[in-house]
Amino acid sequence: MTNVKVINPINRFDGLMKDFFNEFPSTISKSLREDVLQFPPVNIIEKTNAYEVALSAPGLSKEDFSISLENNLLTISAEQKTENADSNDKMIRKEFSFKSFKRSFTIDEKIDAEQIGAKYENGILFVELPKKEIAKPAAKSISVQ
């Protein structure tokens, strides 16, 4: 007779799950970090006289941002300028990094494009999109003939 080794499917599944969960935290956290940096979260708030776009981008300076408006497409992008410093120190682990991002939003004719403004405070870029004043039709008296 030949020796046949029977593999218990439950033990095999258990081994696969252990392998999966051993890799899980590093894989997920890395992909989440990359997604957040490539596509930062944004809140859009409607106020009485304007819309406000608040984009979370900590660790940047205001010089890293570029904001443009072309054909009703508002584009916010950033690229962090990093300098390579000469150093004799050896990097043991490097988790600090930044990748550029670009987000675009379509705006309509209700926005006063000439008055759009932006400021960067405490890691949040605020872009204010003022609403146009709606021209009210002038009251007109019509005489009956």
# chains A, B, ... in the order shown; residues from 1 in each chain; ligands from 1
>>> residues_around(residues="region 48-62 of chain A", least_positions_apart="6", cutoff="12 Å", atoms="only C-alpha atoms", output="ChimeraX atom specification")
/A:36-42,74-82,96-105,107-108,110-113,115-134
>>> atom_distance(atom1="CA of Leu69 (chain A)", atom2="CA of Ile44 (chain A)")
17.0 Å
>>> atom_distance(atom1="CA of Glu70 (chain A)", atom2="CA of Lys47 (chain A)")
23.5 Å
>>> closest_residue(among="A:Asn88, A:Lys94, A:Ile67, A:Asn72", to="Thr106 (chain A)", atoms="only C-alpha atoms")
A:Asn72
